[in-house]
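Engineer: Enclosed is the structure file target.csv (CSV, C-alpha atoms).
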```csv
chain,number,residue,atom,x,y,z
A,20,MET,CA,-244.6,-32.7,-4.2
A,21,SER,CA,-243.2,-30.8,-1.2
A,22,LYS,CA,-246.1,-31.9,0.9
A,23,SER,CA,-245.1,-35.5,0.5
A,24,LEU,CA,-241.5,-35.1,1.4
A,25,ARG,CA,-239.9,-35.5,4.8
A,26,LEU,CA,-238.6,-32.3,6.4
A,27,PRO,CA,-234.9,-33.3,6.2
A,28,GLU,CA,-235.5,-34.4,2.6
A,29,LYS,CA,-236.9,-30.9,1.8
A,30,TRP,CA,-233.8,-29.2,3.1
A,31,PHE,CA,-231.6,-31.7,1.3
A,32,ARG,CA,-233.4,-31.0,-2.0
A,33,ARG,CA,-233.0,-27.3,-1.5
A,34,GLY,CA,-229.3,-27.8,-0.8
A,35,LEU,CA,-229.0,-29.9,-3.9
A,36,TRP,CA,-230.7,-27.2,-5.9
A,37,LEU,CA,-228.0,-24.8,-4.6
A,38,VAL,CA,-225.4,-27.4,-5.8
A,39,ALA,CA,-227.1,-27.4,-9.2
A,40,VAL,CA,-227.0,-23.6,-9.4
A,41,ALA,CA,-223.4,-23.4,-8.2
A,42,PHE,CA,-222.4,-26.1,-10.7
A,43,ALA,CA,-224.1,-24.2,-13.5
A,44,PHE,CA,-222.4,-20.9,-12.3
A,45,PHE,CA,-218.9,-22.4,-12.6
A,46,LEU,CA,-219.7,-24.0,-15.9
A,47,ILE,CA,-221.0,-20.7,-17.2
A,48,GLY,CA,-217.9,-18.9,-16.0
A,49,LEU,CA,-215.6,-21.5,-17.7
A,50,GLY,CA,-217.7,-21.4,-20.9
A,51,GLY,CA,-217.6,-17.6,-21.0
A,52,LEU,CA,-213.8,-17.6,-20.9
A,53,VAL,CA,-213.7,-20.1,-23.7
A,54,VAL,CA,-216.2,-18.4,-25.9
A,55,GLY,CA,-214.8,-14.9,-25.1
A,56,ASN,CA,-211.4,-16.0,-26.4
A,57,LEU,CA,-212.8,-17.4,-29.7
A,58,PRO,CA,-212.5,-14.0,-31.6
A,59,ARG,CA,-208.7,-14.2,-31.0
A,60,VAL,CA,-208.6,-17.2,-33.3
A,61,GLU,CA,-209.2,-14.8,-36.2
A,62,HIS,CA,-206.8,-12.1,-37.3
A,63,THR,CA,-208.1,-8.6,-36.6
A,64,GLN,CA,-208.3,-6.7,-39.9
A,65,SER,CA,-208.7,-3.0,-40.6
A,66,VAL,CA,-209.8,-1.1,-43.7
A,67,GLU,CA,-206.2,-0.2,-44.5
A,68,ASP,CA,-205.4,-3.9,-45.0
A,69,PHE,CA,-207.6,-3.9,-48.1
A,70,ILE,CA,-206.1,-0.8,-49.7
A,71,PRO,CA,-203.5,-1.6,-52.5
A,72,ALA,CA,-200.0,-1.5,-50.9
A,73,ALA,CA,-198.5,0.9,-53.5
A,74,ASP,CA,-201.4,3.4,-53.2
A,75,ALA,CA,-201.3,3.2,-49.4
A,76,GLN,CA,-197.6,3.8,-49.3
A,77,ARG,CA,-197.7,6.6,-51.8
A,78,VAL,CA,-200.6,8.4,-50.0
A,79,LYS,CA,-199.0,7.8,-46.7
A,80,ALA,CA,-195.7,9.3,-47.9
A,81,GLN,CA,-197.5,12.3,-49.4
A,82,ARG,CA,-199.4,12.9,-46.2
A,83,ALA,CA,-196.3,12.6,-44.1
A,84,GLN,CA,-194.4,15.0,-46.4
A,85,ALA,CA,-197.3,17.5,-46.4
A,86,GLN,CA,-197.6,17.4,-42.6
A,87,ALA,CA,-193.9,17.9,-42.2
A,88,ALA,CA,-194.0,20.9,-44.6
A,89,GLN,CA,-197.0,22.2,-42.7
A,90,ARG,CA,-195.3,22.0,-39.4
A,91,GLN,CA,-192.2,23.8,-40.8
A,92,ALA,CA,-194.4,26.4,-42.5
A,93,ASP,CA,-196.3,27.0,-39.2
A,94,LYS,CA,-193.1,27.5,-37.3
A,95,ALA,CA,-191.8,29.9,-40.0
A,96,ARG,CA,-195.1,31.8,-39.9
A,97,ASP,CA,-195.0,32.0,-36.1
A,98,THR,CA,-191.5,33.4,-36.3
A,99,ALA,CA,-192.5,35.9,-39.0
A,100,GLN,CA,-195.5,36.9,-36.9
A,101,LEU,CA,-193.3,37.6,-33.9
A,102,GLN,CA,-190.9,39.7,-36.1
A,103,PHE,CA,-193.7,41.6,-37.6
A,104,ASP,CA,-195.2,42.3,-34.2
A,105,ALA,CA,-191.8,43.5,-32.9
A,106,GLN,CA,-191.3,45.8,-35.9
A,107,ARG,CA,-194.7,47.2,-35.6
A,108,ALA,CA,-194.3,47.9,-31.9
A,109,ARG,CA,-190.9,49.5,-32.6
A,110,TYR,CA,-192.4,51.7,-35.3
A,111,GLN,CA,-195.4,52.7,-33.1
A,112,SER,CA,-193.1,53.6,-30.3
A,113,ALA,CA,-190.9,55.7,-32.6
A,114,ARG,CA,-193.9,57.3,-34.2
A,115,GLU,CA,-195.3,58.4,-30.8
A,116,THR,CA,-191.8,59.8,-29.9
A,117,PHE,CA,-191.6,61.6,-33.2
A,118,ASP,CA,-195.1,63.1,-32.8
A,119,ASN,CA,-194.3,64.4,-29.4
A,120,TRP,CA,-191.0,65.9,-30.6
A,121,VAL,CA,-192.7,67.6,-33.5
A,122,ALA,CA,-195.3,69.0,-31.2
A,123,THR,CA,-192.6,70.4,-28.9
A,124,ARG,CA,-190.7,71.9,-31.9
A,125,ARG,CA,-193.8,73.7,-33.1
A,126,ALA,CA,-194.2,75.2,-29.7
A,127,THR,CA,-190.6,76.5,-29.6
A,128,ALA,CA,-190.3,77.2,-33.4
A,129,ARG,CA,-186.5,76.8,-33.3
A,130,PRO,CA,-185.0,76.7,-36.8
A,131,GLU,CA,-181.8,75.0,-35.7
A,132,GLN,CA,-183.8,71.8,-35.2
A,133,ASP,CA,-184.6,71.3,-38.9
A,134,ALA,CA,-181.6,69.0,-39.4
A,135,GLU,CA,-182.8,66.9,-36.5
A,136,LEU,CA,-186.3,66.8,-37.9
A,137,MET,CA,-185.0,65.4,-41.1
A,138,ALA,CA,-182.9,62.8,-39.3
A,139,ARG,CA,-185.8,61.7,-37.1
A,140,THR,CA,-188.1,61.5,-40.2
A,141,GLN,CA,-185.6,59.3,-42.0
A,142,ALA,CA,-185.3,57.0,-39.0
A,143,LEU,CA,-189.0,56.7,-38.7
A,144,ASP,CA,-189.3,55.9,-42.5
A,145,ALA,CA,-186.6,53.2,-42.0
A,146,LEU,CA,-188.7,51.6,-39.2
A,147,LYS,CA,-191.8,51.8,-41.3
A,148,GLN,CA,-190.0,50.1,-44.2
A,149,ALA,CA,-188.8,47.4,-41.8
A,150,GLU,CA,-192.3,46.9,-40.6
A,151,ASN,CA,-193.5,46.6,-44.2
A,152,GLN,CA,-190.8,44.0,-45.0
A,153,ALA,CA,-191.8,42.0,-41.9
A,154,ARG,CA,-195.5,42.1,-43.0
A,155,GLN,CA,-194.5,40.9,-46.5
A,156,ALA,CA,-192.5,38.0,-44.9
A,157,LEU,CA,-195.4,37.2,-42.7
A,158,GLU,CA,-197.8,37.1,-45.7
A,159,ALA,CA,-195.4,34.9,-47.6
A,160,GLN,CA,-195.2,32.4,-44.6
A,161,GLU,CA,-199.0,32.5,-44.3
A,162,GLN,CA,-199.2,31.6,-48.0
A,163,ALA,CA,-196.7,28.8,-47.5
A,164,SER,CA,-198.6,27.5,-44.5
A,165,LEU,CA,-201.9,27.6,-46.4
A,166,ALA,CA,-200.3,25.7,-49.3
A,167,ALA,CA,-199.0,23.1,-46.9
A,168,SER,CA,-202.4,22.8,-45.2
A,169,GLN,CA,-204.1,22.3,-48.5
A,170,ALA,CA,-201.5,19.6,-49.4
A,171,VAL,CA,-202.3,17.8,-46.2
A,172,ALA,CA,-206.1,18.1,-46.9
A,173,HIS,CA,-205.5,16.7,-50.4
A,174,ALA,CA,-203.5,13.8,-49.1
A,175,GLU,CA,-206.2,13.0,-46.4
A,176,ALA,CA,-208.9,13.3,-49.0
A,177,GLU,CA,-207.1,10.8,-51.3
A,178,GLN,CA,-206.6,8.5,-48.3
A,179,SER,CA,-210.3,8.8,-47.4
A,180,ALA,CA,-211.2,7.9,-51.0
A,181,LEU,CA,-209.0,4.8,-50.8
A,182,ARG,CA,-210.6,3.8,-47.5
A,183,ASP,CA,-214.1,4.3,-49.1
A,184,ALA,CA,-213.1,2.1,-52.0
A,185,ALA,CA,-211.8,-0.6,-49.7
A,186,GLN,CA,-214.8,-0.4,-47.3
A,187,PRO,CA,-216.9,-3.0,-49.1
A,188,GLN,CA,-214.1,-5.6,-49.1
A,189,TRP,CA,-213.4,-4.9,-45.4
A,190,GLN,CA,-217.1,-5.3,-44.5
A,191,SER,CA,-217.3,-8.6,-46.5
A,192,ALA,CA,-214.2,-9.9,-44.7
A,193,MET,CA,-215.6,-8.8,-41.3
A,194,ARG,CA,-218.9,-10.7,-42.1
A,195,ALA,CA,-216.9,-13.7,-43.0
A,196,ILE,CA,-215.0,-13.5,-39.7
A,197,GLU,CA,-218.2,-13.0,-37.7
A,198,LEU,CA,-219.7,-16.1,-39.5
A,199,ARG,CA,-216.6,-18.2,-38.7
A,200,VAL,CA,-216.6,-17.1,-35.0
A,201,PHE,CA,-220.4,-17.9,-34.9
A,202,LEU,CA,-219.7,-21.3,-36.4
A,203,TYR,CA,-217.0,-21.8,-33.7
A,204,ARG,CA,-219.6,-20.9,-31.0
A,205,LEU,CA,-222.2,-23.2,-32.7
A,206,ALA,CA,-219.6,-26.0,-32.7
A,207,ILE,CA,-219.3,-25.6,-29.0
A,208,THR,CA,-222.9,-24.9,-28.1
A,209,LEU,CA,-224.7,-27.4,-30.3
A,210,PRO,CA,-223.2,-30.5,-28.6
A,211,LEU,CA,-224.0,-28.9,-25.3
A,212,LEU,CA,-227.6,-28.6,-26.3
A,213,VAL,CA,-227.7,-32.2,-27.5
A,214,VAL,CA,-226.2,-33.5,-24.3
A,215,ALA,CA,-228.5,-31.3,-22.3
A,216,GLY,CA,-231.6,-32.6,-24.2
A,217,TRP,CA,-230.5,-36.2,-23.6
A,218,LEU,CA,-229.9,-35.6,-19.9
A,219,PHE,CA,-233.3,-33.9,-19.6
A,220,SER,CA,-235.1,-36.7,-21.2
A,221,ARG,CA,-233.2,-39.6,-19.6
A,222,LYS,CA,-231.4,-38.4,-16.4
A,223,ARG,CA,-233.3,-35.5,-14.9
A,224,ARG,CA,-234.7,-37.8,-12.2
A,225,SER,CA,-231.6,-39.9,-11.6
A,226,THR,CA,-229.5,-39.9,-8.5
A,227,TRP,CA,-227.2,-37.3,-9.9
A,228,TRP,CA,-229.9,-34.9,-10.9
A,229,PRO,CA,-228.3,-31.7,-9.4
A,230,PHE,CA,-225.4,-32.0,-11.8
A,231,VAL,CA,-227.8,-32.9,-14.6
A,232,TRP,CA,-229.9,-29.7,-14.0
A,233,GLY,CA,-226.7,-27.6,-13.5
A,234,PHE,CA,-225.5,-28.7,-16.9
A,235,ILE,CA,-228.9,-28.1,-18.5
A,236,PHE,CA,-228.9,-24.5,-17.0
A,237,PHE,CA,-225.4,-24.0,-18.4
A,238,ALA,CA,-226.4,-25.3,-21.9
A,239,LEU,CA,-229.4,-23.0,-22.0
A,240,PHE,CA,-227.3,-20.0,-20.9
A,241,ALA,CA,-224.7,-20.9,-23.6
A,242,PHE,CA,-227.5,-21.0,-26.2
A,243,PHE,CA,-229.4,-17.9,-25.3
A,244,VAL,CA,-226.5,-15.7,-24.2
A,245,GLU,CA,-223.4,-16.9,-25.9
A,246,LEU,CA,-224.9,-18.0,-29.3
A,247,VAL,CA,-228.2,-16.3,-30.1
A,248,PRO,CA,-227.0,-12.7,-29.8
A,249,TYR,CA,-224.2,-13.4,-32.2
A,250,LEU,CA,-226.4,-14.8,-35.0
A,251,PRO,CA,-225.4,-13.3,-38.4
A,252,ASP,CA,-228.0,-10.7,-39.3
A,253,TYR,CA,-228.1,-10.6,-43.1
A,254,GLY,CA,-231.0,-8.1,-42.9
A,255,GLY,CA,-232.8,-10.0,-40.1
A,256,TYR,CA,-233.5,-13.0,-42.3
A,257,VAL,CA,-231.3,-15.4,-40.3
A,258,ARG,CA,-232.7,-14.5,-36.9
A,259,TYR,CA,-236.3,-15.0,-38.1
A,260,ILE,CA,-235.5,-18.2,-39.9
A,261,VAL,CA,-233.7,-19.6,-36.9
A,262,GLY,CA,-236.6,-18.6,-34.7
A,263,ILE,CA,-239.0,-20.4,-37.0
A,264,VAL,CA,-236.9,-23.5,-37.1
A,265,VAL,CA,-236.4,-23.6,-33.3
A,266,THR,CA,-240.1,-23.0,-32.8
A,267,VAL,CA,-241.1,-25.7,-35.2
A,268,LEU,CA,-238.7,-28.2,-33.6
A,269,LEU,CA,-239.9,-27.4,-30.0
A,270,GLY,CA,-243.5,-27.5,-31.1
A,271,ARG,CA,-243.0,-30.8,-32.9
A,272,TYR,CA,-241.3,-32.2,-29.8
A,273,ALA,CA,-244.1,-30.9,-27.5
A,274,ILE,CA,-246.8,-32.4,-29.8
A,275,LEU,CA,-245.2,-35.8,-30.0
A,276,ALA,CA,-244.6,-35.8,-26.3
A,277,LEU,CA,-248.2,-35.0,-25.7
A,278,ASN,CA,-249.4,-37.7,-28.0
A,279,ARG,CA,-247.1,-40.2,-26.4
A,280,TYR,CA,-248.3,-39.2,-23.0
A,281,LEU,CA,-252.0,-39.5,-24.0
A,282,GLU,CA,-251.3,-43.0,-25.5
A,283,ARG,CA,-249.5,-44.1,-22.3
A,284,GLN,CA,-252.4,-42.9,-20.2
A,285,LYS,CA,-254.9,-44.8,-22.4
A,286,LEU,CA,-252.9,-48.0,-22.0
A,287,GLN,CA,-252.4,-47.4,-18.3
A,288,GLU,CA,-256.1,-46.7,-17.7
A,289,ALA,CA,-257.0,-50.0,-19.5
A,290,LEU,CA,-254.9,-52.1,-17.1
A,291,PRO,CA,-256.5,-53.7,-14.0
A,292,GLU,CA,-256.5,-51.5,-10.9
A,293,VAL,CA,-254.2,-53.8,-9.0
A,294,GLN,CA,-251.5,-53.5,-11.6
A,295,ARG,CA,-252.0,-49.8,-11.9
A,296,ARG,CA,-251.4,-49.4,-8.2
A,297,GLU,CA,-248.3,-51.5,-8.2
A,298,GLU,CA,-246.8,-49.4,-11.0
A,299,LEU,CA,-247.7,-46.2,-9.3
A,300,SER,CA,-245.1,-45.1,-6.8
A,301,TYR,CA,-246.1,-43.7,-3.4
A,302,ASP,CA,-244.4,-40.3,-3.8
A,303,VAL,CA,-246.0,-39.8,-7.2
A,304,ALA,CA,-249.4,-40.6,-5.8
A,305,LEU,CA,-248.9,-38.2,-3.0
A,306,GLU,CA,-247.7,-35.5,-5.3
A,307,ARG,CA,-250.7,-35.8,-7.6
A,308,LEU,CA,-253.1,-36.0,-4.7
A,309,SER,CA,-251.6,-32.7,-3.3
A,310,LYS,CA,-252.6,-31.1,-6.6
A,311,SER,CA,-256.2,-32.4,-6.3
A,312,VAL,CA,-255.8,-34.7,-9.4
A,313,CYS,CA,-256.3,-38.4,-9.7
A,314,PRO,CA,-253.1,-40.4,-9.2
A,315,GLY,CA,-254.1,-42.7,-12.0
A,316,CYS,CA,-255.3,-40.5,-14.9
A,317,GLU,CA,-254.2,-37.1,-13.6
A,318,ARG,CA,-257.6,-35.5,-14.2
A,319,PRO,CA,-259.0,-33.1,-11.6
A,320,VAL,CA,-261.0,-34.6,-8.8
A,321,ASP,CA,-262.8,-33.0,-5.9
A,322,LEU,CA,-261.0,-34.7,-3.1
A,323,LYS,CA,-262.8,-32.7,-0.5
A,324,ASN,CA,-266.1,-34.3,-1.4
A,325,THR,CA,-266.6,-37.1,1.1
A,326,GLU,CA,-269.0,-38.9,-1.2
A,327,ILE,CA,-266.3,-39.5,-3.8
A,328,ASP,CA,-264.3,-42.7,-3.2
A,329,PHE,CA,-263.4,-43.6,-6.7
A,330,CYS,CA,-262.1,-41.5,-9.6
A,331,PRO,CA,-265.1,-40.8,-11.9
A,332,HIS,CA,-262.7,-40.7,-14.9
A,333,CYS,CA,-260.6,-43.9,-14.6
A,334,GLY,CA,-262.3,-45.8,-11.7
A,335,ILE,CA,-259.2,-46.1,-9.5
A,336,GLY,CA,-259.9,-46.1,-5.8
A,337,LEU,CA,-259.1,-42.9,-4.0
A,338,PHE,CA,-260.5,-43.6,-0.6
A,339,ASP,CA,-261.2,-46.7,1.4
A,340,ARG,CA,-261.7,-47.6,5.1
A,341,CYS,CA,-259.4,-48.8,7.7
A,342,GLY,CA,-259.7,-52.6,8.3
A,343,HIS,CA,-259.5,-52.0,12.1
A,344,CYS,CA,-261.3,-48.8,12.9
A,345,HIS,CA,-263.3,-48.4,9.7
A,346,THR,CA,-262.1,-44.7,9.3
A,347,ARG,CA,-262.3,-43.3,5.8
A,348,LYS,CA,-258.8,-42.7,4.6
A,349,SER,CA,-256.8,-42.2,1.4
A,350,ALA,CA,-256.4,-45.5,-0.5
A,351,PHE,CA,-252.7,-44.6,-1.1
A,352,SER,CA,-251.8,-44.1,2.6
A,353,ARG,CA,-249.6,-46.7,4.1
A,354,PHE,CA,-251.1,-46.4,7.5
A,355,CYS,CA,-254.4,-45.3,8.9
A,356,HIS,CA,-254.3,-41.8,10.2
A,357,ALA,CA,-256.8,-42.6,13.0
A,358,CYS,CA,-255.3,-45.8,14.6
A,359,GLY,CA,-252.0,-46.3,12.8
A,360,THR,CA,-252.9,-49.7,11.4
A,361,PRO,CA,-250.9,-50.7,8.3
A,362,ALA,CA,-252.9,-50.4,5.2
A,363,VAL,CA,-254.0,-53.7,3.5
A,364,LYS,CA,-253.6,-54.2,-0.2
A,365,ALA,CA,-256.9,-55.2,-1.6
A,366,VAL,CA,-258.4,-55.5,-5.0
A,367,HIS,CA,-260.9,-52.7,-5.4
A,368,THR,CA,-263.7,-53.7,-7.7
A,369,GLY,CA,-266.3,-51.4,-6.2
A,370,PRO,CA,-267.5,-49.8,-3.0
A,371,ALA,CA,-268.5,-53.2,-1.5
A,372,ALA,CA,-265.0,-54.5,-1.8
A,373,VAL,CA,-263.5,-51.8,0.3
A,374,ASP,CA,-263.7,-53.9,3.5
A,375,ALA,CA,-262.8,-57.2,1.8
A,376,SER,CA,-259.6,-57.6,3.9
A,377,ALA,CA,-260.9,-56.1,7.1
A,378,GLY,CA,-259.6,-57.7,10.2
A,379,GLN,CA,-256.7,-59.5,8.4
A,380,VAL,CA,-254.2,-57.2,10.0
A,381,GLU,CA,-254.3,-56.7,13.7
A,382,PRO,CA,-253.6,-53.2,15.0
A,383,PRO,CA,-250.5,-52.5,17.0
A,384,GLY,CA,-250.7,-53.6,20.6
A,385,GLN,CA,-253.4,-56.3,20.1
A,386,ALA,CA,-251.3,-59.1,18.7
A,387,VAL,CA,-251.4,-62.2,20.9
```
Hey, can you dump this file as structure tokens for me?

Structural biologist:
Amino acid sequence: MSKSLRLPEKWFRRGLWLVAVAFAFFLIGLGGLVVGNLPRVEHTQSVEDFIPAADAQRVKAQRAQAQAAQRQADKARDTAQLQFDAQRARYQSARETFDNWVATRRATARPEQDAELMARTQALDALKQAENQARQALEAQEQASLAASQAVAHAEAEQSALRDAAQPQWQSAMRAIELRVFLYRLAITLPLLVVAGWLFSRKRRSTWWPFVWGFIFFALFAFFVELVPYLPDYGGYVRYIVGIVVTVLLGRYAILALNRYLERQKLQEALPEVQRREELSYDVALERLSKSVCPGCERPVDLKNTEIDFCPHCGIGLFDRCGHCHTRKSAFSRFCHACGTPAVKAVHTGPAAVDASAGQVEPPGQAV
């Protein structure tokens, strides 16, 4: 159709398509905000909401108590570890000092140092006993820490068991929420599709077609992006069933539309040529001719063949001759492309009638 449009009209149409896209863009943005806020309508639930309150509080209290005991036991164990390390270091230092002193005594062999040897040995034994006591305290704290850790693990295991028991109820509730949110989306999207279908069938060629097409783009985006991905799964059954239903509806619409079109074409082709030409608009005729199809029946015709003046399928005149210069021209042209003479409407009943009105319209510049 672009070949039949005036140059400014082409640019205006391109601009209007930009208007349609911009209108669809802003509608999509607004619709995305509305649809994105739909999940907020439903209360967000967690698995803990489906655990019995008494059991949840009991396990929570046990876990908190066990964790507090574990923290206290860990602190006490760390303190005992530090004390044990200090006692062991003190003993090791004293042992080294004692060993050095004993080695020196053996070298000198002085009997008067026997009393000091006994005193040093007793002091070293006291340090060893303190180290042993620190080790026992550390082992006791490690045992207490282990018991506290086991208590925490037991509380967490019991809490996990309660969560596992509540999991089916939570999943069922989440599916119900997803279904309700989907129904909210459907309640918004379905009317948009209905309105878009009505606009497509009735208003897509109207004066306000940019807004019509913008709304259609918006409705299609809402359906395929805001609705289809959120279809409930149910093992895939819903998606396939919806796909089958949509395919059947679209196929049925296409089949009925094709049958209506063929019926209209049959009725149109049965009308006289003059009436068919009057009902055929100039722009539509040029659009079909640019696609090398007959403007009357829309069947392919070799328009480059100079021997074809009439459609071999429906008989409508495709080419005639100028009444002034007798140049072969398109029967749907308003002016002769050779001399500019306005075309004369004539009843075409065959090739002999092409020049029936020749000479009735005088060319420009020759009127007396």

Engineer: A:Arg199, A:Lys323, A:Arg295, A:Arg77: which is nearest A:Ile335, counting all atoms listed in the file?

Structural biologist: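 Comparing A:Arg199, A:Lys323, A:Arg295, A:Arg77 against A:Ile335, the winner is A:Arg295.
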
Engineer: Which residues are close to A:Cys355, i.e. within 12 Å by all atoms listed in the file, leaving aside same-chain residues fewer than 5 positions away? Reply as a PyMOL selection string.

Structural biologist: chain A and resi 338-350+360-363+380+382-383

Engineer: Extract, using all atoms listed in the file, all DNA, RNA and protein residues at most 10 Å from A:Ala105, discarding same-chain residues fewer than 5 positions from it, and format them as a VMD selection string.

Structural biologist: chain A and resid 99 to 100 110 to 111 150 153

Engineer: For A:Phe230, work out the shell of residues within 8 Å, counting all atoms listed in the file and skipping chain neighbours fewer than 5 positions away, then give it as a list in words.

Structural biologist: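 Result of the neighbour search: Val38, Ala39 and Phe42 of chain A.
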
Engineer: Contacts of A:Ala215 at 10 Å or less, counting only C-alpha atoms, minus same-chain residues fewer than 2 places along, as an mmCIF file with C-alpha atoms, keeping the file's coordinate frame?

Structural biologist:
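Result went into out19.cif, see below:
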```cif
data_model
loop_
_atom_site.group_PDB
_atom_site.id
_atom_site.type_symbol
_atom_site.label_atom_id
_atom_site.label_comp_id
_atom_site.auth_asym_id
_atom_site.auth_seq_id
_atom_site.Cartn_x
_atom_site.Cartn_y
_atom_site.Cartn_z
ATOM 1 C CA LEU A 209 -224.700 -27.400 -30.300
ATOM 2 C CA PRO A 210 -223.200 -30.500 -28.600
ATOM 3 C CA LEU A 211 -224.000 -28.900 -25.300
ATOM 4 C CA LEU A 212 -227.600 -28.600 -26.300
ATOM 5 C CA VAL A 213 -227.700 -32.200 -27.500
ATOM 6 C CA TRP A 217 -230.500 -36.200 -23.600
ATOM 7 C CA LEU A 218 -229.900 -35.600 -19.900
ATOM 8 C CA PHE A 219 -233.300 -33.900 -19.600
ATOM 9 C CA SER A 220 -235.100 -36.700 -21.200
ATOM 10 C CA ARG A 221 -233.200 -39.600 -19.600
ATOM 11 C CA LYS A 222 -231.400 -38.400 -16.400
ATOM 12 C CA ARG A 223 -233.300 -35.500 -14.900
ATOM 13 C CA VAL A 231 -227.800 -32.900 -14.600
ATOM 14 C CA TRP A 232 -229.900 -29.700 -14.000
ATOM 15 C CA GLY A 233 -226.700 -27.600 -13.500
ATOM 16 C CA PHE A 234 -225.500 -28.700 -16.900
ATOM 17 C CA ILE A 235 -228.900 -28.100 -18.500
ATOM 18 C CA PHE A 236 -228.900 -24.500 -17.000
ATOM 19 C CA PHE A 237 -225.400 -24.000 -18.400
ATOM 20 C CA ALA A 238 -226.400 -25.300 -21.900
ATOM 21 C CA LEU A 239 -229.400 -23.000 -22.000
#
```

Engineer: Write out as a list in words each polymer residue whose atoms come within 7 Å of stretch 159-162 of chain A, counting all atoms listed in the file; drop sequence neighbours fewer than 2 positions from it.

Structural biologist: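 Close residues of stretch 159-162 of chain A: Ala92, Ala95, Arg96, Gln155, Ala156, Leu157, Ser164, Leu165 and Ala166 of chain A.
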
Engineer: Could the residues in this selection be written to a file with C-alpha atoms, as a CSV table (one decimal), in the frame of the given file?

Structural biologist:
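Once everything was written out, this is result.csv:
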```csv
chain,number,residue,atom,x,y,z
A,92,ALA,CA,-194.4,26.4,-42.5
A,95,ALA,CA,-191.8,29.9,-40.0
A,96,ARG,CA,-195.1,31.8,-39.9
A,155,GLN,CA,-194.5,40.9,-46.5
A,156,ALA,CA,-192.5,38.0,-44.9
A,157,LEU,CA,-195.4,37.2,-42.7
A,164,SER,CA,-198.6,27.5,-44.5
A,165,LEU,CA,-201.9,27.6,-46.4
A,166,ALA,CA,-200.3,25.7,-49.3
```

Engineer: Rounded to one decimal place, report the atom CA of A:Gly50-atom CA of A:Gly216 distance in Å.

Structural biologist: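 For atom CA of A:Gly50 relative to atom CA of A:Gly216, the distance reads 18.2 Å.
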
Engineer: With distances taken over all atoms listed in the file, which of A:Ile47, A:Ile70, A:Leu308, A:Cys316 is nearest to A:Gln188?

Structural biologist: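 Looking at the shortest contact to A:Gln188, the residue is A:Ile70.
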
Engineer: Would you compute the distance between atom CA of A:Ala73 and atom CA of A:Arg194? Give it in Å to one decimal.

Structural biologist: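 Calculated distance between atom CA of A:Ala73 and atom CA of A:Arg194 is 26.1 Å.
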